[in-house]
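The next block holds one structure in the form of structure tokens; read it before the comments.
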Amino acid sequence: MSPSGRRQVNSPLRQGRWTPWLYLAPALTVLAGLLVYPVYQLGLISFLEYTQAQVSGGEPTSFQGLGNYAELFSDSRFREVLLATVLFAAACVAGTLTVGCALAVLLTRVRAVPRLTLMLAALGAWATPAVTGSTVWVFLFDADSGPVNRVLGLGDFSWTYGRMSAFALVLFEVVWCSFPLVMVTVYAGIRAVPAEVLEAAALDGASQWRTWRSVLTPMLRPILLVVTVQSVIWDFKVFTQIYVMTGGGGIAGQNLVLNVYAYQKAFASSQYSLGSAIGVVMLLILLGVTLVHLRLLARKGEAL
């Protein structure tokens with residue numbers, strides 16, 4: 001084949017390779033403006049000395065290198081908040097997935113009217129703004145006039161006074177507003193499973209738990225991956241619920257999580273560089289968790 005013929009064959013192939021990117025270009029441009037540039041600015045500020053003095057122009061901005069990160073990880077308070085955030089996020093993710101998956105299975109077992117009622121109630125919780133939902137939960141569990149304490153006979157017990165009870169109260173609210181996504185997504189996945197598979201499991205005498213563990217879970221693994229990663233990201237960066245329900249982090253900061261701690265450093269203390277460093281640490285942790293999860297699935301041969 002002549003060189004000119006080879007060019008005629010390869011030219012359409014090269015054009016075909018770039019066609020998807022041309023279609024994606026507008027969306028990628030918007031994402032670059034909304035995500036890449038702010039992340040770049042976040043990382044840049046984390047390497048500078050950037051406080052109120054630099055913002056007002058009273059002092060010049062200086063490059064600190066990894067100094068802000070060294071100061072951060074040498075702070076016992078930051079390590080304590082980091083551990084609390086990891087444990088709190090893990091509990092929220094476990095609770096959200098458990099409640100969401102259990103209700104998704106329940107939706108397949110009830111009739112149309114109860115199913116519709118449950119779906120509408122769940123979607124109502126999902127659509128409620130975080131500030132509104134947090135305020136309502138604070139009222140429900142109020143020590144003086146909250147109906148929950150009256151029903152449970154707890155008297156004037158304050159849920160937000162103790163560290164563990166305050167975290168538990170916020171956990172309940174986070175699970176309440178997060179489980180609908182898991183429920184609806186997993187329910188749609190269960191409906192897509194062929195009925196013959198479930199009938200075969202029932203004929204073999206498999207219990208509901210065994211059917212879920214040995215039949216549905218392997219088939220729903222890609223869906224469970226998506227909702228798990230989303231739950232990890234959302235619950236790890238919880239801010240509104242903690243800030244509203246515990247009054248900015250609880251008594252003496254006993255209920256601080258990383259997002260609230262970064263807010264306090266950046267805006268309450270005007271240490272913008274330290275607040276940015278905390279944001280970068282959170283970003284790296286979430287990226288690491290996501291990549292590890294994807295890598296484990298790839299080793300098992302799952303389609304991503």
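Chains: A, B, ... in order of the structure tokens. Residues: from 1 per chain. Ligands: from 1, in order shown.
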For the structure I just gave you, how does DSSP split stretch 21-249 of chain A - specifically, which residues are strand (DSSP E)? Reply as a ChimeraX atom specification. /A:48-49,62-63
Write out as number ranges by chain which residues come within 9 Å of A:Leu169 when counting only C-alpha atoms, dropping same-chain ones fewer than 2 positions away. A: 137-138, 141, 159-160, 164-167, 171-174, 245
Do you have the atom CA of A:Leu97-atom CA of A:Val39 distance handy?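 Rounded to one decimal, the two atoms are 29.4 Å apart.
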DSSP on the backbone, then: every residue of stretch 64-272 of chain A marked helix (DSSP H, G or I), written as a PyMOL selection string. chain A and resi 67-73+76-107+112-127+130-140+147-152+163-192+195-203+208-219+221-236+240-245+251-253+258-268+272
Neighbours of A:Cys101 within 8 Å (only C-alpha atoms; same-chain residues fewer than 5 positions away dropped), as a ChimeraX atom specification? /A:182-183,186-187
Return the single residue from A:Ala262, A:Ala122, A:Ala252, A:Ile278 that is closest to A:Arg163, with distances computed using only C-alpha atoms.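 Counting only C-alpha atoms, the residue closest to A:Arg163 is A:Ala252.
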Within 12 Å of A:Leu87, counting only C-alpha atoms, which residues qualify if same-chain residues fewer than 4 places away don't, as an mmCIF file with C-alpha atoms, in the first residue's frame?
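To be explicit, this is the file written out as around_11.cif:
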data_model
loop_
_atom_site.group_PDB
_atom_site.id
_atom_site.type_symbol
_atom_site.label_atom_id
_atom_site.label_comp_id
_atom_site.auth_asym_id
_atom_site.auth_seq_id
_atom_site.Cartn_x
_atom_site.Cartn_y
_atom_site.Cartn_z
ATOM 1 C CA GLU A 80 -7.668 13.110 67.762
ATOM 2 C CA VAL A 81 -10.121 14.781 65.389
ATOM 3 C CA LEU A 82 -8.855 12.675 62.477
ATOM 4 C CA LEU A 83 -9.436 9.443 64.415
ATOM 5 C CA ALA A 91 -20.279 4.060 61.674
ATOM 6 C CA CYS A 92 -22.392 6.292 59.410
ATOM 7 C CA VAL A 93 -21.514 4.277 56.301
ATOM 8 C CA ALA A 94 -22.270 0.976 58.045
ATOM 9 C CA MET A 164 -20.894 9.623 72.590
ATOM 10 C CA PHE A 167 -22.188 11.588 68.059
ATOM 11 C CA ALA A 168 -24.971 8.998 68.196
ATOM 12 C CA LEU A 171 -25.286 9.550 63.332
ATOM 13 C CA VAL A 232 -17.795 7.211 52.392
ATOM 14 C CA ASP A 235 -20.082 10.862 55.576
ATOM 15 C CA PHE A 236 -16.374 11.624 55.831
ATOM 16 C CA ASN A 255 -17.592 16.380 68.711
ATOM 17 C CA VAL A 257 -14.796 16.281 62.762
ATOM 18 C CA LEU A 258 -12.266 17.307 60.137
#
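Distance-wise, atom CA of A:Gly189 and atom CA of A:Leu220 end up 6.4 Å apart.
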Any idea what the distance is between atom CA of A:Gly146 and atom CA of A:Leu118?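 Interatomic distance here is 24.8 Å.
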Quick one: of A:Ser231, A:Ser270, A:Gln241, A:Asn149, who's nearest to A:Thr98, counting only C-alpha atoms?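 Counting only C-alpha atoms, the residue closest to A:Thr98 is A:Ser231.
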Top pick for closest residue to A:Leu294, considering A:Val36, A:Tyr263, A:Pro222, A:Ala125 and counting only C-alpha atoms: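 Distance minimum relative to A:Leu294 lands on A:Pro222.
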